[in-house]
Amino acid sequence: MNLVKRYKNKPERMSKKMNNQTMINMGQEYVMNTYGRFPMGLVKGQGAKVWDGDGQEYIDLVAGIAVNNVGHCHPEVVKALAEQAGTLIHCSNLYWNENQIKLAKAIVDNSCAEKVFFCNSGAEANEGALKLARRWASRQGKPEKVQVITALNSFHGRTLGALSATGQTVYQSGFGPMLPQLTHVAYNDLDALKAAASDKTCAVLIETLQGEGGIIPLDPAYLEGLLKLREQYGFLLMIDEVQTGMGRTGKMFGYQHFGFEPDVFTLAKALGGGMPIGALCARGEAAQALQPGEHASTFGGGPLVTAAALASFSVITGEKLADQAAEKGRYIMDAVKSWPGMTGLIKEVRGQGLMIGIELIPEGLGAKIVEDCRQKGLLINCIHGMVLRMVPPLVIAKEEIDRALQILQDVLLSI
């Protein structure tokens with residue numbers, strides 16, 4: 001028997017960087033078609049700027065969708081990765097690794113958390129939160145407490161559990177049935193929450209600022225009522241900080257704007273300085289809910305990604321990037337609100353820190369505005385076709401902000 005596998009073509013050596021068209025052609029041939037991509041590929045990043053395969057420079061207000069908080073290729077993150085890559089890249093969680101321990105301590109020292117579980121993404125962190133909530137209820141001797149309440153227009157991830165928690169049917173269509181006992185109610189609607197909650201509720205999972213939902217802030221009055229319901233029914237309050245965490249909103253974590261402590265919160269995106277890592281963080285009895293053998297992640301909290309995350313954490317705290325985000329965010333929102341000639345275009349400007357949404361009045365203009373900005377060297381994102389989302393690196397310079405705002409203003413005035 002001939003056991004030699006025969007390939008259609010010999011593998012090509014890719015020693016040179018690809019230009020945009022080469023990336024498009026090869027990507028369409030070999031990569032699953034799960035994204036609506038722009039006709040370009042990125043090959044380099046530095047700070048708040050990126051460059052494509054044809055050498056075009058862009059100011060980046062997308063930042064990997066709120067990932068690159070410390071900017072692209074921050075020297076401290078690059079240094080940490082290089083040093084760790086030459087020491088130990090991976091080890092199983094059968095053993096301790098010091099970077100994981102140090103990162104867990106950094107999160108605990110800067111938050112209400114007491115214990116941290118590491119995984120690889122925000123979806124995994126939220127999956128872990130769902131499991132934790134039900135295991136916690138079971139350990140309380142109340143296995144009937146299985147309902148988790150989340151918000152309409154929320155986004156918690158693409159895996160089946162996180163997708164079931166997500167309150168947007170557009171993401172769920174064709175993947176049903178969703179997991180049972182996950183209830184969605186209108187965000188900031190306390191009456192709807194009161195009607196849904198009961199003794200069978202084990203957790204409420206919300207965002208303090210809905211990202212994919214359109215940059216919608218949490219109503220303090222709603223939160224006050226939610227905290228009373230937590231006391232009444234004895235459920236866990238879990239906060240999805242995947243997008244709002246790590247200084248993005250002007251505080252290290254979004255919940256810190258409101259003066260309360262969640263039982264559980266989740267992290268990912270900016271935690272790793274660009275490397276893939278997620279974290280499930282908990283306090284009190286919730287922190288003890290998961291015991292050996294009940295949850296795991298092969299790559300979770302490995303030495304390489306936690307080295308990058310430690311460097312990122314150090315930069316965010318050392319350079320006071322949360323404070324910078326608050327200041328720069330106010331500057332951007334005040335500037336946009338002052339633009340003349342926008343009466344028929346801009347409905348509202350809202351957000352916290354450097355997580356900003358510009359809601360448009362005409363429907364369907366978002367895609368054109370994003371493309372026109374791209375043509376002029378500005379990368380910006382649009383949600384639901386009507387909300388322009390700005391989530392730039394927190395290190396973005398004022399000169400870069402001014403240039404980005406000028407491009408966006410010019411594009412809007414040309415509509």
# chains A, B, ... in the order shown; residues from 1 in each chain; ligands from 1
$ residues_around --residues "region 139-149 of chain A" --least-positions-apart "3" --cutoff "8 Å" --atoms "only C-alpha atoms" --output "PDB file with C-alpha atoms, in the first residue's frame"
ATOM      1  CA  LEU A 130     -22.871  30.601  32.360  1.00  0.00           C
ATOM      2  CA  ARG A 134     -25.481  27.105  37.299  1.00  0.00           C
ATOM      3  CA  ARG A 135     -22.795  25.280  39.262  1.00  0.00           C
ATOM      4  CA  TRP A 136     -22.979  27.958  41.958  1.00  0.00           C
ATOM      5  CA  ALA A 165     -27.105  34.523  25.799  1.00  0.00           C
ATOM      6  CA  GLN A 181     -33.560  28.856  30.232  1.00  0.00           C
ATOM      7  CA  LEU A 182     -31.834  31.901  28.727  1.00  0.00           C
ATOM      8  CA  THR A 183     -34.256  34.830  28.805  1.00  0.00           C
ATOM      9  CA  HIS A 184     -33.791  38.155  27.005  1.00  0.00           C
ATOM     10  CA  VAL A 185     -35.437  41.351  28.214  1.00  0.00           C
ATOM     11  CA  ALA A 196     -38.742  37.920  34.092  1.00  0.00           C
ATOM     12  CA  ALA A 197     -36.870  37.411  37.380  1.00  0.00           C
ATOM     13  CA  ASP A 199     -36.585  32.320  42.477  1.00  0.00           C
ATOM     14  CA  LYS A 200     -35.395  30.186  39.546  1.00  0.00           C
ATOM     15  CA  THR A 201     -33.038  32.902  38.265  1.00  0.00           C
ATOM     16  CA  CYS A 202     -29.405  32.016  38.927  1.00  0.00           C
ATOM     17  CA  ALA A 203     -27.832  35.015  37.169  1.00  0.00           C
ATOM     18  CA  VAL A 204     -28.333  38.226  35.239  1.00  0.00           C
ATOM     19  CA  LEU A 205     -25.646  38.914  32.632  1.00  0.00           C
ATOM     20  CA  ALA A 289     -18.149  27.529  42.556  1.00  0.00           C
TER      21      ALA A 289
END
$ closest_atom_pairs --of "region 251-369 of chain A" --to "region 400-406 of chain A" --cutoff "9 Å" --atoms "only C-alpha atoms" --output "Markdown table"
| residue | atom | partner | partner_atom | distance |
| --- | --- | --- | --- | --- |
| A:Lys328 | CA | A:Ile401 | CA | 8.4 |
| A:Ile332 | CA | A:Ile401 | CA | 7.6 |
| A:Ala335 | CA | A:Leu405 | CA | 8.2 |
| A:Val336 | CA | A:Leu405 | CA | 7.8 |
$ write_last_selection --atoms "all heavy atoms" --output "PDB file, in the first residue's frame"
ATOM      1  N   LYS A 328      -9.656  61.914  26.200  1.00  0.00           N
ATOM      2  CA  LYS A 328      -9.719  61.903  24.732  1.00  0.00           C
ATOM      3  C   LYS A 328     -11.140  61.644  24.250  1.00  0.00           C
ATOM      4  O   LYS A 328     -11.562  62.194  23.225  1.00  0.00           O
ATOM      5  CB  LYS A 328      -8.760  60.844  24.181  1.00  0.00           C
ATOM      6  CG  LYS A 328      -7.290  61.182  24.414  1.00  0.00           C
ATOM      7  CD  LYS A 328      -6.367  60.002  24.093  1.00  0.00           C
ATOM      8  CE  LYS A 328      -4.925  60.329  24.400  1.00  0.00           C
ATOM      9  NZ  LYS A 328      -4.010  59.185  24.181  1.00  0.00           N
ATOM     10  N   ILE A 332     -13.301  64.027  21.711  1.00  0.00           N
ATOM     11  CA  ILE A 332     -13.909  63.580  20.454  1.00  0.00           C
ATOM     12  C   ILE A 332     -15.400  63.887  20.434  1.00  0.00           C
ATOM     13  O   ILE A 332     -15.922  64.437  19.453  1.00  0.00           O
ATOM     14  CB  ILE A 332     -13.666  62.069  20.251  1.00  0.00           C
ATOM     15  CG1 ILE A 332     -12.185  61.806  19.967  1.00  0.00           C
ATOM     16  CG2 ILE A 332     -14.534  61.536  19.096  1.00  0.00           C
ATOM     17  CD1 ILE A 332     -11.822  60.331  19.929  1.00  0.00           C
ATOM     18  N   ALA A 335     -16.140  67.539  20.094  1.00  0.00           N
ATOM     19  CA  ALA A 335     -15.817  68.019  18.742  1.00  0.00           C
ATOM     20  C   ALA A 335     -16.919  67.655  17.754  1.00  0.00           C
ATOM     21  O   ALA A 335     -17.377  68.508  16.975  1.00  0.00           O
ATOM     22  CB  ALA A 335     -14.482  67.437  18.288  1.00  0.00           C
ATOM     23  N   VAL A 336     -17.357  66.393  17.787  1.00  0.00           N
ATOM     24  CA  VAL A 336     -18.389  65.948  16.840  1.00  0.00           C
ATOM     25  C   VAL A 336     -19.700  66.701  17.070  1.00  0.00           C
ATOM     26  O   VAL A 336     -20.380  67.100  16.124  1.00  0.00           O
ATOM     27  CB  VAL A 336     -18.591  64.424  16.935  1.00  0.00           C
ATOM     28  CG1 VAL A 336     -19.737  63.974  16.031  1.00  0.00           C
ATOM     29  CG2 VAL A 336     -17.307  63.682  16.559  1.00  0.00           C
TER      30      VAL A 336
END
$ closest_residue --among "A:Lys44, A:Arg283, A:Arg248, A:Lys105" --to "Glu261 (chain A)" --atoms "only C-alpha atoms"
A:Arg283
$ closest_residue --among "A:Gln168, A:Thr244, A:Thr159, A:Ser338" --to "Met355 (chain A)" --atoms "only C-alpha atoms"
A:Thr244
$ residues_around --residues "Ile380 (chain A)" --least-positions-apart "2" --cutoff "6 Å" --atoms "only C-alpha atoms" --output "list in words"
Leu61, Val62 and Val370 of chain A
$ write_last_selection --atoms "all heavy atoms" --output "CSV table (one decimal), in the first residue's frame"
chain,number,residue,atom,x,y,z
A,61,LEU,N,-9.3,53.5,14.0
A,61,LEU,CA,-10.3,53.8,15.0
A,61,LEU,C,-11.0,52.5,15.3
A,61,LEU,O,-12.0,52.5,16.1
A,61,LEU,CB,-11.3,54.9,14.6
A,61,LEU,CG,-10.7,56.2,14.3
A,61,LEU,CD1,-11.8,57.3,14.2
A,61,LEU,CD2,-9.7,56.7,15.4
A,62,VAL,N,-10.6,51.4,14.8
A,62,VAL,CA,-11.2,50.1,15.1
A,62,VAL,C,-10.4,49.3,16.1
A,62,VAL,O,-11.0,48.6,17.0
A,62,VAL,CB,-11.4,49.2,13.8
A,62,VAL,CG1,-12.0,47.9,14.1
A,62,VAL,CG2,-12.2,50.0,12.7
A,370,VAL,N,-18.2,54.4,6.0
A,370,VAL,CA,-17.0,53.6,6.3
A,370,VAL,C,-16.1,53.4,5.1
A,370,VAL,O,-14.8,53.6,5.3
A,370,VAL,CB,-17.4,52.2,6.9
A,370,VAL,CG1,-16.3,51.2,7.0
A,370,VAL,CG2,-18.1,52.3,8.2
$ atom_distance --atom1 "CA of Leu378 (chain A)" --atom2 "CA of Phe253 (chain A)"
27.6 Å
$ select_by_dssp --residues "region 80-289 of chain A" --states "alpha helix (DSSP H)" --output "MDAnalysis selection string"
chainID A and resid 80:85 98:109 122:139 160:165 169:172 190:196 220:233
$ closest_atom_pairs --of "region 265-371 of chain A" --to "region 388-395 of chain A" --cutoff "7 Å" --atoms "only C-alpha atoms" --output "CSV"
residue,atom,partner,partner_atom,distance
A:Leu321,CA,A:Leu394,CA,6.1
A:Gln324,CA,A:Leu394,CA,6.9
A:Ala325,CA,A:Leu394,CA,5.7
A:Leu354,CA,A:Val391,CA,5.6
A:Met355,CA,A:Val391,CA,5.0
A:Ile356,CA,A:Met390,CA,5.1
A:Gly357,CA,A:Arg389,CA,4.7
A:Ile358,CA,A:Leu388,CA,5.0
A:Glu359,CA,A:Leu388,CA,6.4
A:Gly366,CA,A:Leu388,CA,6.8
$ residues_around --residues "Gly301 (chain A)" --least-positions-apart "2" --cutoff "7 Å" --atoms "only C-alpha atoms" --output "list of chain:residue names"
A:Gln100, A:Phe118, A:Cys119, A:Phe299, A:Pro303, A:Val305, A:Thr306
$ select_by_dssp --residues "region 206-358 of chain A" --states "strand (DSSP E)" --output "tab-separated table (two decimals) with N, CA and C atoms, in the first residue's frame"
chain	number	residue	atom	x	y	z
A	206	ILE	N	-25.20	41.23	32.00
A	206	ILE	CA	-25.38	42.44	31.20
A	206	ILE	C	-24.04	43.09	30.89
A	209	LEU	N	-22.09	48.98	29.07
A	209	LEU	CA	-22.20	49.80	27.87
A	209	LEU	C	-22.29	48.83	26.70
A	210	GLN	N	-23.48	48.72	26.10
A	210	GLN	CA	-23.64	47.76	25.02
A	210	GLN	C	-22.79	48.18	23.82
A	216	ILE	N	-24.81	51.70	23.77
A	216	ILE	CA	-25.93	52.10	24.60
A	216	ILE	C	-25.51	52.04	26.07
A	217	PRO	N	-25.51	53.17	26.79
A	217	PRO	CA	-25.07	53.17	28.20
A	217	PRO	C	-26.11	52.56	29.13
A	236	LEU	N	-26.78	35.74	40.89
A	236	LEU	CA	-25.49	36.37	40.63
A	236	LEU	C	-25.67	37.50	39.62
A	237	LEU	N	-24.98	38.61	39.85
A	237	LEU	CA	-24.94	39.69	38.88
A	237	LEU	C	-23.61	39.59	38.14
A	238	MET	N	-23.67	39.30	36.85
A	238	MET	CA	-22.48	39.07	36.03
A	238	MET	C	-22.37	40.16	34.97
A	239	ILE	N	-21.19	40.74	34.85
A	239	ILE	CA	-20.95	41.84	33.92
A	239	ILE	C	-19.99	41.39	32.82
A	240	ASP	N	-20.42	41.56	31.58
A	240	ASP	CA	-19.57	41.28	30.42
A	240	ASP	C	-18.70	42.51	30.17
A	264	VAL	N	-19.53	38.41	39.32
A	264	VAL	CA	-18.71	37.82	38.26
A	264	VAL	C	-18.53	38.87	37.17
A	265	PHE	N	-17.35	38.95	36.57
A	265	PHE	CA	-17.20	39.71	35.33
A	265	PHE	C	-16.23	38.99	34.41
A	266	THR	N	-16.39	39.24	33.13
A	266	THR	CA	-15.57	38.56	32.13
A	266	THR	C	-14.72	39.58	31.37
A	267	LEU	N	-13.54	39.12	30.95
A	267	LEU	CA	-12.59	39.95	30.20
A	267	LEU	C	-12.09	39.21	28.98
A	278	GLY	N	-8.76	35.28	27.44
A	278	GLY	CA	-9.99	35.67	28.12
A	278	GLY	C	-9.85	35.35	29.59
A	279	ALA	N	-10.72	35.97	30.41
A	279	ALA	CA	-10.66	35.73	31.84
A	279	ALA	C	-12.06	35.76	32.43
A	280	LEU	N	-12.32	34.82	33.32
A	280	LEU	CA	-13.54	34.74	34.09
A	280	LEU	C	-13.17	35.10	35.53
A	281	CYS	N	-13.73	36.19	36.02
A	281	CYS	CA	-13.31	36.75	37.31
A	281	CYS	C	-14.50	36.73	38.27
A	282	ALA	N	-14.28	36.33	39.51
A	282	ALA	CA	-15.41	36.19	40.45
A	282	ALA	C	-14.96	36.51	41.87
A	346	ILE	N	-26.56	63.53	11.85
A	346	ILE	CA	-26.23	62.93	13.13
A	346	ILE	C	-27.40	63.08	14.10
A	347	LYS	N	-27.87	61.94	14.61
A	347	LYS	CA	-28.96	61.95	15.58
A	347	LYS	C	-28.45	62.11	17.00
A	348	GLU	N	-27.37	61.38	17.33
A	348	GLU	CA	-26.86	61.41	18.70
A	348	GLU	C	-25.41	60.97	18.72
A	349	VAL	N	-24.64	61.54	19.65
A	349	VAL	CA	-23.27	61.11	19.92
A	349	VAL	C	-23.25	60.64	21.38
A	350	ARG	N	-22.82	59.41	21.62
A	350	ARG	CA	-22.87	58.87	22.97
A	350	ARG	C	-21.70	57.92	23.21
A	351	GLY	N	-21.45	57.62	24.47
A	351	GLY	CA	-20.40	56.67	24.80
A	351	GLY	C	-19.75	56.99	26.12
A	352	GLN	N	-18.70	56.27	26.43
A	352	GLN	CA	-17.86	56.50	27.60
A	352	GLN	C	-16.42	56.31	27.18
A	355	MET	N	-14.96	54.66	23.75
A	355	MET	CA	-15.95	53.74	23.20
A	355	MET	C	-17.14	54.62	22.83
A	356	ILE	N	-17.15	55.07	21.59
A	356	ILE	CA	-18.04	56.15	21.16
A	356	ILE	C	-18.89	55.70	19.99
A	357	GLY	N	-20.16	56.07	20.03
A	357	GLY	CA	-21.08	55.79	18.93
A	357	GLY	C	-21.66	57.08	18.38
A	358	ILE	N	-21.70	57.20	17.06
A	358	ILE	CA	-22.34	58.33	16.39
A	358	ILE	C	-23.52	57.76	15.61
$ closest_residue --among "A:Leu304, A:Val387, A:Ile369, A:Ala162" --to "Gly86 (chain A)" --atoms "only C-alpha atoms"
A:Leu304
$ closest_residue --among "A:Pro180, A:His384, A:Glu29, A:Met40" --to "Asp54 (chain A)" --atoms "only C-alpha atoms"
A:Met40
$ atom_distance --atom1 "CA of Ala287 (chain A)" --atom2 "CA of Ser198 (chain A)"
23.0 Å
$ residues_around --residues "Val170 (chain A)" --least-positions-apart "4" --cutoff "12 Å" --atoms "only C-alpha atoms" --output "ChimeraX atom specification"
/A:152-155,158,163-164,166,174-176,212-213,384
